[in-house]
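S.K.: What follows is model-v4.cif; its format and atoms are mmCIF, C-alpha atoms.
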```cif
data_coords
#
loop_
_atom_site.label_atom_id
_atom_site.label_comp_id
_atom_site.auth_asym_id
_atom_site.auth_seq_id
_atom_site.Cartn_x
_atom_site.Cartn_y
_atom_site.Cartn_z
CA MET T 1 0.00 0.00 0.00
CA THR T 2 1.57 3.27 -1.15
CA ALA T 3 0.19 5.23 1.80
CA ILE T 4 2.06 2.97 4.26
CA LEU T 5 5.22 3.15 2.14
CA TRP T 6 5.35 6.95 2.54
CA LEU T 7 4.80 6.59 6.28
CA SER T 8 7.59 4.03 6.44
CA LEU T 9 9.95 6.41 4.65
CA ALA T 10 9.00 9.17 7.11
CA ALA T 11 9.85 6.74 9.91
CA PHE T 12 13.18 6.06 8.15
CA CYS T 13 14.12 9.74 8.19
CA SER T 14 12.98 10.26 11.78
CA ALA T 15 14.92 7.24 13.01
CA MET T 16 17.97 8.29 11.02
CA SER T 17 17.83 11.73 12.62
CA SER T 18 17.67 10.18 16.08
CA ARG T 19 20.78 8.00 15.59
CA VAL T 20 22.97 10.02 13.22
CA ALA T 21 24.96 11.48 16.12
CA ASP T 22 25.80 8.13 17.77
CA ALA T 23 28.99 7.35 15.84
CA GLN T 24 29.96 11.03 15.78
CA LEU T 25 30.23 11.38 19.57
CA PRO T 26 34.07 11.12 19.69
CA ASN T 27 34.39 13.77 16.95
CA LEU T 28 31.83 16.07 18.57
CA ALA T 29 33.65 15.70 21.89
CA SER T 30 36.93 16.65 20.21
CA GLU T 31 35.58 19.55 18.11
CA PHE T 32 33.69 21.21 20.96
CA SER T 33 36.24 20.29 23.67
CA VAL T 34 33.81 18.32 25.86
CA SER T 35 33.87 14.80 27.31
CA LEU T 36 32.21 11.85 25.62
CA GLY T 37 29.52 11.89 28.30
CA VAL T 38 28.76 15.58 27.70
CA ALA T 39 28.75 15.07 23.92
CA SER T 40 26.11 12.35 24.35
CA ALA T 41 23.68 15.11 25.37
CA VAL T 42 22.97 15.63 21.65
CA ILE T 43 21.23 12.24 21.75
CA THR T 44 19.57 12.79 25.12
CA CYS T 45 18.14 16.19 24.10
CA PHE T 46 16.59 14.70 20.97
CA ALA T 47 15.00 11.85 22.91
CA ILE T 48 13.64 14.09 25.69
CA ALA T 49 12.03 16.45 23.20
CA TRP T 50 10.58 13.57 21.16
CA GLY T 51 9.10 11.96 24.25
CA ALA T 52 7.64 15.15 25.70
CA SER T 53 6.14 16.31 22.39
CA GLN T 54 3.98 13.19 22.15
CA LEU T 55 1.64 14.87 24.62
CA PHE T 56 0.92 17.36 21.87
CA PHE T 57 0.96 15.28 18.68
CA GLY T 58 -1.28 12.40 19.83
CA PRO T 59 -4.42 14.46 20.48
CA LEU T 60 -3.57 16.67 17.48
CA GLY T 61 -3.62 13.63 15.20
CA ASP T 62 -6.94 12.44 16.64
CA ARG T 63 -8.43 15.90 16.13
CA PHE T 64 -7.19 16.86 12.63
CA GLY T 65 -6.25 13.51 11.06
CA LYS T 66 -3.14 11.46 11.69
CA TYR T 67 -1.88 11.25 8.11
CA VAL T 68 -1.99 14.98 7.42
CA VAL T 69 -0.29 15.78 10.74
CA VAL T 70 2.56 13.42 9.80
CA GLY T 71 2.96 15.35 6.54
CA TRP T 72 3.21 18.73 8.25
CA ALA T 73 5.54 17.30 10.87
CA CYS T 74 7.92 16.38 8.04
CA VAL T 75 7.86 20.02 6.88
CA ALA T 76 8.95 21.07 10.36
CA CYS T 77 11.60 18.31 10.50
CA ALA T 78 13.22 19.64 7.31
CA PHE T 79 13.62 23.03 8.99
CA THR T 80 15.00 21.72 12.30
CA ALA T 81 17.47 19.33 10.62
CA THR T 82 18.84 22.32 8.71
CA LEU T 83 19.29 24.17 12.01
CA CYS T 84 21.34 21.23 13.35
CA GLY T 85 23.66 21.38 10.35
CA LEU T 86 24.14 25.14 10.76
CA ALA T 87 24.74 25.16 14.54
CA PRO T 88 27.90 27.22 15.27
CA SER T 89 28.46 26.03 18.86
CA PHE T 90 27.70 23.08 21.13
CA PRO T 91 24.91 24.86 23.06
CA MET T 92 23.33 25.89 19.73
CA LEU T 93 23.58 22.29 18.51
CA LEU T 94 21.82 21.08 21.67
CA GLY T 95 19.04 23.61 21.10
CA ALA T 96 18.66 22.52 17.48
CA ARG T 97 18.56 18.87 18.50
CA LEU T 98 15.81 19.67 21.00
CA LEU T 99 13.75 21.21 18.20
CA ALA T 100 14.55 18.30 15.88
CA GLY T 101 13.34 15.79 18.45
CA ALA T 102 10.16 17.79 19.06
CA THR T 103 9.23 17.88 15.37
CA ALA T 104 10.19 14.23 14.71
CA ALA T 105 7.72 13.26 17.43
CA GLY T 106 4.86 13.67 14.96
CA THR T 107 5.93 10.88 12.60
CA ILE T 108 6.35 7.31 13.88
CA PRO T 109 3.69 7.17 16.65
CA LEU T 110 0.97 8.76 14.52
CA SER T 111 1.90 6.47 11.63
CA MET T 112 1.43 3.45 13.89
CA ALA T 113 -1.86 4.85 15.17
CA TRP T 114 -3.08 5.41 11.59
CA ILE T 115 -2.24 1.78 10.74
CA GLY T 116 -4.19 0.78 13.85
CA ASP T 117 -7.18 2.71 12.49
CA VAL T 118 -7.20 1.07 9.06
CA VAL T 119 -5.86 -2.48 9.66
CA PRO T 120 -7.86 -5.02 11.76
CA TYR T 121 -6.12 -6.28 14.93
CA GLU T 122 -5.73 -9.87 13.72
CA ARG T 123 -3.69 -8.69 10.71
CA ARG T 124 -1.99 -5.74 12.35
CA GLN T 125 1.24 -7.17 13.80
CA PRO T 126 2.80 -8.29 10.48
CA VAL T 127 1.71 -4.99 8.85
CA LEU T 128 3.31 -3.01 11.68
CA ALA T 129 6.44 -5.12 11.32
CA ARG T 130 6.68 -4.27 7.61
CA PHE T 131 6.08 -0.58 8.36
CA LEU T 132 8.91 -0.76 10.87
CA LEU T 133 11.34 -1.70 8.11
CA GLY T 134 11.57 2.05 7.53
CA GLN T 135 12.36 2.80 11.15
CA ILE T 136 14.78 -0.10 11.34
CA GLY T 137 16.59 1.04 8.21
CA GLY T 138 16.74 4.59 9.52
CA LEU T 139 18.29 3.55 12.81
CA SER T 140 20.95 1.53 11.05
CA CYS T 141 21.69 4.02 8.30
CA GLY T 142 21.82 6.83 10.84
CA VAL T 143 24.68 5.17 12.70
CA MET T 144 26.45 4.19 9.47
CA VAL T 145 26.09 7.60 7.82
CA GLY T 146 27.17 9.29 11.04
CA GLY T 147 30.31 7.14 11.11
CA LEU T 148 31.14 7.83 7.46
CA ALA T 149 30.61 11.55 8.00
CA ALA T 150 32.82 11.50 11.10
CA ASP T 151 35.68 10.01 9.08
CA TYR T 152 35.26 11.68 5.70
CA LEU T 153 32.64 14.45 5.40
CA GLY T 154 32.35 16.30 8.69
CA TRP T 155 29.50 16.03 11.16
CA ARG T 156 27.27 18.67 9.53
CA ALA T 157 26.73 16.98 6.16
CA PRO T 158 24.22 14.29 7.28
CA PHE T 159 21.86 16.86 8.75
CA PHE T 160 21.55 18.68 5.43
CA GLY T 161 20.83 15.39 3.66
CA ILE T 162 18.15 14.53 6.21
CA ALA T 163 16.57 17.96 5.71
CA LEU T 164 16.27 17.42 1.95
CA ALA T 165 14.72 13.99 2.46
CA PHE T 166 12.13 15.34 4.89
CA ALA T 167 11.22 18.15 2.47
CA ALA T 168 10.59 15.69 -0.37
CA LEU T 169 8.57 13.37 1.88
CA SER T 170 6.33 16.15 3.10
CA VAL T 171 5.22 16.81 -0.47
CA ALA T 172 4.48 13.12 -1.06
CA LEU T 173 2.57 12.67 2.22
CA LEU T 174 0.38 15.74 1.87
CA SER T 175 -0.42 14.79 -1.71
CA MET T 176 -1.32 11.21 -0.67
CA ASN T 177 -3.54 12.49 2.14
CA ARG T 178 -5.81 14.20 -0.39
CA ARG T 179 -6.31 10.87 -2.20
CA LEU T 180 -7.09 8.73 0.87
CA PRO T 181 -10.66 7.40 1.33
CA GLU T 182 -12.76 9.08 3.99
CA ARG T 183 -12.41 6.23 6.50
CA ALA T 184 -8.60 6.64 6.41
CA ARG T 185 -8.86 10.33 7.28
CA GLN T 186 -11.09 9.98 10.29
CA VAL T 187 -11.00 12.69 12.94
CA ARG T 188 -12.67 12.95 16.31
CA LYS T 189 -14.40 16.23 17.08
CA ALA T 190 -13.85 17.59 20.56
CA GLU T 191 -15.10 20.53 22.57
CA GLY T 192 -13.69 22.52 25.46
CA HIS T 193 -10.29 23.92 26.34
CA ALA T 194 -7.39 22.30 24.46
CA VAL T 195 -5.28 21.60 27.54
CA ARG T 196 -8.19 20.04 29.42
CA ARG T 197 -9.00 17.89 26.38
CA MET T 198 -5.39 16.75 26.15
CA LEU T 199 -5.27 15.82 29.84
CA ALA T 200 -8.58 14.00 29.50
CA GLU T 201 -7.24 12.01 26.52
CA PHE T 202 -4.21 10.75 28.37
CA GLY T 203 -6.18 10.30 31.59
CA HIS T 204 -8.50 7.93 29.74
CA VAL T 205 -5.52 5.91 28.49
CA LEU T 206 -3.95 5.72 31.96
CA SER T 207 -7.22 4.58 33.53
CA SER T 208 -6.52 1.10 32.10
CA ARG T 209 -4.30 -1.08 34.29
CA TRP T 210 -2.92 -2.96 31.29
CA ALA T 211 -2.06 0.33 29.59
CA ARG T 212 -0.03 1.30 32.66
CA VAL T 213 1.82 -2.03 32.50
CA VAL T 214 2.66 -1.54 28.81
CA LEU T 215 3.77 2.08 29.31
CA LEU T 216 6.00 1.30 32.30
CA THR T 217 7.50 -1.68 30.47
CA VAL T 218 8.41 0.32 27.38
CA PHE T 219 9.91 3.09 29.54
CA VAL T 220 12.25 0.66 31.28
CA GLU T 221 13.00 -1.13 27.99
CA GLY T 222 14.04 2.18 26.44
CA ALA T 223 16.24 3.01 29.44
CA PHE T 224 18.17 -0.26 29.37
CA VAL T 225 18.49 -0.78 25.61
CA TYR T 226 19.21 2.79 24.56
CA GLY T 227 21.34 3.52 27.59
CA ALA T 228 23.66 0.91 26.05
CA PHE T 229 23.12 1.00 22.28
CA PRO T 230 24.55 4.49 21.48
CA PHE T 231 27.88 3.54 23.04
CA ILE T 232 28.51 0.42 20.94
CA ALA T 233 30.25 2.36 18.16
CA SER T 234 32.40 4.27 20.67
CA HIS T 235 33.13 0.97 22.49
CA LEU T 236 34.43 -0.68 19.33
CA HIS T 237 36.41 2.44 18.41
CA ARG T 238 38.08 2.86 21.82
CA LEU T 239 38.58 -0.74 22.88
CA HIS T 240 39.37 -2.44 19.56
CA GLY T 241 40.73 0.47 17.48
CA VAL T 242 37.99 0.19 14.84
CA SER T 243 37.46 3.31 12.73
CA LEU T 244 34.24 5.21 13.36
CA SER T 245 32.97 4.48 9.84
CA LYS T 246 33.56 0.74 10.29
CA ALA T 247 32.07 0.82 13.79
CA GLY T 248 28.98 2.54 12.42
CA SER T 249 28.70 -0.10 9.70
CA LEU T 250 28.92 -2.90 12.27
CA VAL T 251 26.19 -1.33 14.40
CA MET T 252 24.09 -1.20 11.22
CA LEU T 253 23.74 -4.97 11.66
CA PHE T 254 21.35 -4.19 14.53
CA GLY T 255 18.97 -2.99 11.85
CA LEU T 256 19.60 -6.09 9.74
CA GLY T 257 18.40 -8.14 12.70
CA GLY T 258 15.26 -6.03 12.67
CA VAL T 259 14.80 -6.68 8.96
CA LEU T 260 15.13 -10.41 9.65
CA PHE T 261 12.32 -10.13 12.18
CA ALA T 262 10.12 -8.04 9.87
CA THR T 263 10.44 -10.51 7.00
CA THR T 264 9.68 -13.52 9.22
CA SER T 265 7.18 -11.84 11.57
CA GLY T 266 4.14 -13.70 10.24
CA MET T 267 5.72 -17.08 10.94
CA LEU T 268 7.16 -16.00 14.32
CA VAL T 269 3.82 -14.59 15.50
CA ARG T 270 2.04 -17.83 14.61
CA ARG T 271 4.62 -20.09 16.26
CA LEU T 272 5.58 -18.12 19.36
CA GLY T 273 2.63 -15.85 20.09
CA GLU T 274 3.02 -12.63 22.01
CA VAL T 275 4.38 -14.30 25.16
CA GLY T 276 7.00 -16.30 23.27
CA LEU T 277 8.06 -13.30 21.21
CA ALA T 278 8.63 -11.24 24.34
CA ARG T 279 10.46 -14.02 26.20
CA TRP T 280 12.71 -15.12 23.36
CA GLY T 281 13.18 -11.57 22.09
CA GLY T 282 14.54 -10.41 25.43
CA THR T 283 16.84 -13.43 25.70
CA ILE T 284 18.28 -12.94 22.21
CA LEU T 285 18.61 -9.17 22.75
CA GLY T 286 20.53 -9.63 25.99
CA ALA T 287 22.81 -12.26 24.49
CA GLY T 288 23.64 -10.02 21.52
CA LEU T 289 24.47 -6.98 23.67
CA LEU T 290 26.64 -9.08 25.99
CA LEU T 291 28.49 -10.50 23.01
CA ALA T 292 29.25 -7.01 21.71
CA ALA T 293 30.31 -5.80 25.16
CA LEU T 294 32.48 -8.72 26.31
CA ALA T 295 33.96 -9.97 23.02
CA PRO T 296 37.77 -10.20 22.97
CA SER T 297 37.96 -8.83 19.40
CA TRP T 298 35.78 -6.70 17.16
CA PRO T 299 34.53 -9.44 14.74
CA TRP T 300 32.40 -10.81 17.58
CA ALA T 301 30.34 -7.61 17.31
CA ILE T 302 29.00 -8.84 13.95
CA PRO T 303 26.77 -11.62 15.37
CA GLY T 304 26.30 -9.58 18.55
CA CYS T 305 24.69 -6.61 16.80
CA LEU T 306 22.67 -8.87 14.50
CA LEU T 307 21.23 -10.87 17.42
CA ALA T 308 20.58 -7.71 19.45
CA GLY T 309 18.54 -6.25 16.58
CA LEU T 310 16.52 -9.43 16.06
CA GLY T 311 15.75 -9.78 19.75
CA PHE T 312 14.91 -6.12 20.26
CA TYR T 313 12.33 -6.02 17.48
CA MET T 314 10.76 -9.29 18.61
CA LEU T 315 10.21 -7.73 22.02
CA HIS T 316 9.42 -4.16 20.97
CA ASN T 317 6.98 -5.10 18.22
CA THR T 318 5.05 -7.15 20.78
CA LEU T 319 4.83 -4.09 23.01
CA GLN T 320 3.75 -1.98 20.03
CA ILE T 321 0.87 -4.26 19.08
CA ASN T 322 -0.39 -4.01 22.66
CA ALA T 323 -0.07 -0.22 22.51
CA THR T 324 -2.30 0.03 19.43
CA GLN T 325 -5.10 -1.67 21.35
CA MET T 326 -4.78 0.06 24.75
CA ALA T 327 -7.52 2.59 23.93
CA PRO T 328 -8.89 2.05 20.39
CA GLU T 329 -11.21 5.06 20.55
CA ARG T 330 -8.24 7.30 21.44
CA ARG T 331 -5.55 5.47 19.51
CA GLY T 332 -3.54 8.57 18.63
CA ALA T 333 -3.18 9.56 22.27
CA ALA T 334 -2.51 5.95 23.33
CA VAL T 335 0.27 5.27 20.83
CA SER T 336 1.75 8.71 21.46
CA ALA T 337 1.82 7.97 25.20
CA PHE T 338 3.59 4.69 24.38
CA SER T 339 6.18 6.43 22.22
CA SER T 340 6.59 9.18 24.80
CA CYS T 341 7.39 6.66 27.52
CA PHE T 342 9.82 4.85 25.22
CA LEU T 343 11.68 8.05 24.35
CA LEU T 344 11.67 9.37 27.90
CA GLY T 345 13.03 6.01 29.00
CA GLN T 346 15.77 6.34 26.39
CA SER T 347 16.54 9.82 27.73
CA ALA T 348 16.78 8.60 31.30
CA GLY T 349 18.97 5.65 30.33
CA MET T 350 21.21 7.74 28.10
CA ALA T 351 21.58 10.48 30.72
CA LEU T 352 22.55 7.95 33.39
CA ALA T 353 24.91 6.07 31.07
CA GLY T 354 26.48 9.35 29.89
CA ALA T 355 27.13 10.37 33.49
CA LEU T 356 28.72 7.01 34.35
CA VAL T 357 30.52 5.95 31.18
CA GLU T 358 33.80 7.78 31.83
CA GLY T 359 34.02 6.17 35.27
CA ILE T 360 32.82 2.61 34.65
CA GLY T 361 33.62 2.22 30.94
CA THR T 362 31.60 1.29 27.89
CA THR T 363 31.85 -2.46 28.58
CA THR T 364 29.99 -2.15 31.88
CA VAL T 365 27.38 0.24 30.44
CA ILE T 366 26.51 -2.12 27.56
CA ALA T 367 26.52 -5.25 29.76
CA ALA T 368 24.21 -3.59 32.30
CA GLY T 369 21.82 -2.70 29.49
CA ALA T 370 21.84 -6.30 28.32
CA LEU T 371 20.93 -7.76 31.72
CA GLY T 372 18.25 -5.14 32.31
CA ALA T 373 16.63 -5.82 28.94
CA VAL T 374 16.37 -9.54 29.73
CA ALA T 375 14.70 -8.80 33.06
CA VAL T 376 12.18 -6.44 31.44
CA ALA T 377 11.27 -8.97 28.75
CA MET T 378 10.78 -11.83 31.20
CA ASN T 379 8.55 -9.74 33.44
CA PHE T 380 6.37 -8.59 30.53
CA ALA T 381 6.06 -12.15 29.19
CA ARG T 382 4.90 -13.29 32.64
CA LEU T 383 2.30 -10.52 32.91
CA ARG T 384 1.06 -11.02 29.34
CA ALA T 385 0.64 -14.76 29.92
CA ARG T 386 -1.35 -14.04 33.07
CA LYS T 387 -3.60 -11.57 31.24
CA LEU T 388 -4.25 -13.99 28.36
CA ALA T 389 -5.04 -16.78 30.81
CA ALA T 390 -7.56 -14.50 32.52
CA GLY T 391 -9.23 -13.77 29.19
#
```
Output the structure of this file as structure tokens.
M.R.:
Amino acid sequence: MTAILWLSLAAFCSAMSSRVADAQLPNLASEFSVSLGVASAVITCFAIAWGASQLFFGPLGDRFGKYVVVGWACVACAFTATLCGLAPSFPMLLGARLLAGATAAGTIPLSMAWIGDVVPYERRQPVLARFLLGQIGGLSCGVMVGGLAADYLGWRAPFFGIALAFAALSVALLSMNRRLPERARQVRKAEGHAVRRMLAEFGHVLSSRWARVVLLTVFVEGAFVYGAFPFIASHLHRLHGVSLSKAGSLVMLFGLGGVLFATTSGMLVRRLGEVGLARWGGTILGAGLLLAALAPSWPWAIPGCLLAGLGFYMLHNTLQINATQMAPERRGAAVSAFSSCFLLGQSAGMALAGALVEGIGTTTVIAAGALGAVAVAMNFARLRARKLAAG
């Protein structure tokens, strides 16, 4: 479906923007004369802004139409990515990354919510998995492009490329929106003060106990996984002497693991179910991260990153499918709350890891993320099995 393809490409650009600074952290630290932990704030700022802005975009998508809001968000993303590339100082770069995260917040969650509106639940998980190919590719290419730029082009170049891509996508999305059938452009009329409506939307979502379980789980998942993941490239560079471009390319295998899940999701869903996907996904994710962290030489990072990507998307896609059904009548707010918790969890994990990494080292940071991710997955699998048994 062409409409989902454009959304997937928007997810690609948003994910690329979120990860393009990962492999550039050593260069940013050197250019702006800050520590690696301080340089990692360019990632934390993006994630905080993305997470917080969900409180705005979710109800906005429900009110005016999710697809059209994604299109206008891409217009804003083109502008903020340009600001990142033009930033003359580290504080200005942090401010631009805050704005970039805030505008990118209107893409992936609303795209997932729109898919939830138009695709029945029994067919939704494989469709979401195929949509996520865009996000997966963006995460991987962001790290790879960031590494290549760090070695050959300079850190500014990727931001200008991302800006051009967002500008082209905004034209395609807004044009497609005009051709969508009426049922795919549904809006929900609301009355009263905007802030009160927004609080009521999220209050309705949080009134469900299972929604609270899903939101807390994805927050902690984000903290453990993305407290570790951004430091893999720096870990390989510092510990094993791998160039930043090669390190970025190795981390790209995380995305290849996600592609492997997306292409086999139908079979995996049938054979493992949601409980099995969560349990095995967490186990594989933890094993992959530990392999990357503890390996005696850099080639071990190849299977490590691949396994970590496969396991992460097995677990995270299971959480996503639950998020699309937390509050079907307020799906935009529900999925935005889910994404907000995920990004705020990433921010918390990244901030803590950034504060500790110079003292405890990248090996410990990545290993701690691995063990935490396994614990999160096992707990969610247990709770999901209990809920299914209770009907």
S.K.: Find, counting only C-alpha atoms, the residue in T:Gln320, T:Thr263, T:Ser243, T:Gln135 that gets nearest to T:Leu9.
M.R.: T:Gln135
S.K.: Of the residues T:Thr324, T:Ser297, T:Thr362, T:Ser140, which is the one nearest to T:Phe254, using all atoms listed in the file?
M.R.: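 Closest to T:Phe254 of all the choices is T:Ser140.
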S.K.: Take the PyMOL selection byres ((chain T and resi 107) around 12), apply it to the structure above, and return the hits as a PyMOL selection string.
M.R.: chain T and resi 6-15+17+50+53-54+57-58+61+66-77+100-106+108-114+134-135+166+169-170+173+332+335-336+339
S.K.: Nearest to T:Leu93: which of T:Phe56, T:Leu28, T:Val365, T:Phe131 is it, counting all atoms listed in the file?
M.R.: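 Among the listed residues, the smallest separation from T:Leu93 belongs to T:Leu28.
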S.K.: Rank nothing, just name the residue among T:Ala3, T:Ala168, T:Ala293, T:Leu25 nearest to T:Leu239, using all atoms listed in the file.
M.R.: T:Ala293
S.K.: Name the residues captured by the PyMOL selection byres ((chain T and resi 373) around 12) when it is applied to the shown file; answer as an NGL selection string.
M.R.: :T and (217-229 or 278-290 or 308 or 311-312 or 315-316 or 349 or 366-372 or 374-380)
S.K.: I need the output of the PyMOL selection byres ((chain T and resi 326) around 12) for this file as a VMD selection string; which residues are they?
M.R.: chain T and resid 113 116 121 202 204 to 215 319 to 325 327 to 338
S.K.: Which distance in Å separates atom CA of T:Gly37 and atom CA of T:Leu83, to one decimal?
M.R.: 22.8 Å
S.K.: Which residues come within 9 Å of stretch 147-160 of chain T, counting all atoms listed in the file, excluding same-chain residues fewer than 2 positions away, as number ranges by chain?
M.R.: T: 17, 20-28, 78, 81-87, 142-145, 162-165, 233, 243-249
S.K.: Those same residues, written as a CSV table (one decimal), in the coordinates of the input with C-alpha atoms?
M.R.:
```
chain,number,residue,atom,x,y,z
T,17,SER,CA,17.8,11.7,12.6
T,20,VAL,CA,23.0,10.0,13.2
T,21,ALA,CA,25.0,11.5,16.1
T,22,ASP,CA,25.8,8.1,17.8
T,23,ALA,CA,29.0,7.4,15.8
T,24,GLN,CA,30.0,11.0,15.8
T,25,LEU,CA,30.2,11.4,19.6
T,26,PRO,CA,34.1,11.1,19.7
T,27,ASN,CA,34.4,13.8,17.0
T,28,LEU,CA,31.8,16.1,18.6
T,78,ALA,CA,13.2,19.6,7.3
T,81,ALA,CA,17.5,19.3,10.6
T,82,THR,CA,18.8,22.3,8.7
T,83,LEU,CA,19.3,24.2,12.0
T,84,CYS,CA,21.3,21.2,13.4
T,85,GLY,CA,23.7,21.4,10.4
T,86,LEU,CA,24.1,25.1,10.8
T,87,ALA,CA,24.7,25.2,14.5
T,142,GLY,CA,21.8,6.8,10.8
T,143,VAL,CA,24.7,5.2,12.7
T,144,MET,CA,26.4,4.2,9.5
T,145,VAL,CA,26.1,7.6,7.8
T,162,ILE,CA,18.2,14.5,6.2
T,163,ALA,CA,16.6,18.0,5.7
T,164,LEU,CA,16.3,17.4,2.0
T,165,ALA,CA,14.7,14.0,2.5
T,233,ALA,CA,30.2,2.4,18.2
T,243,SER,CA,37.5,3.3,12.7
T,244,LEU,CA,34.2,5.2,13.4
T,245,SER,CA,33.0,4.5,9.8
T,246,LYS,CA,33.6,0.7,10.3
T,247,ALA,CA,32.1,0.8,13.8
T,248,GLY,CA,29.0,2.5,12.4
T,249,SER,CA,28.7,-0.1,9.7
```
S.K.: Give the answer as one residue: which of T:Val38, T:Leu60, T:Gly146, T:Leu272 has the shortest atom-to-atom distance to T:Gly161, using only C-alpha atoms?
M.R.: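 Residue with the minimum atom-to-atom distance to T:Gly161: T:Gly146.
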S.K.: Would you work out the distance separating atom CA of T:Leu180 from atom CA of T:Gly138, expressed in Å to one decimal?
M.R.: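 About the pair atom CA of T:Leu180 and atom CA of T:Gly138: they are 25.7 Å apart.
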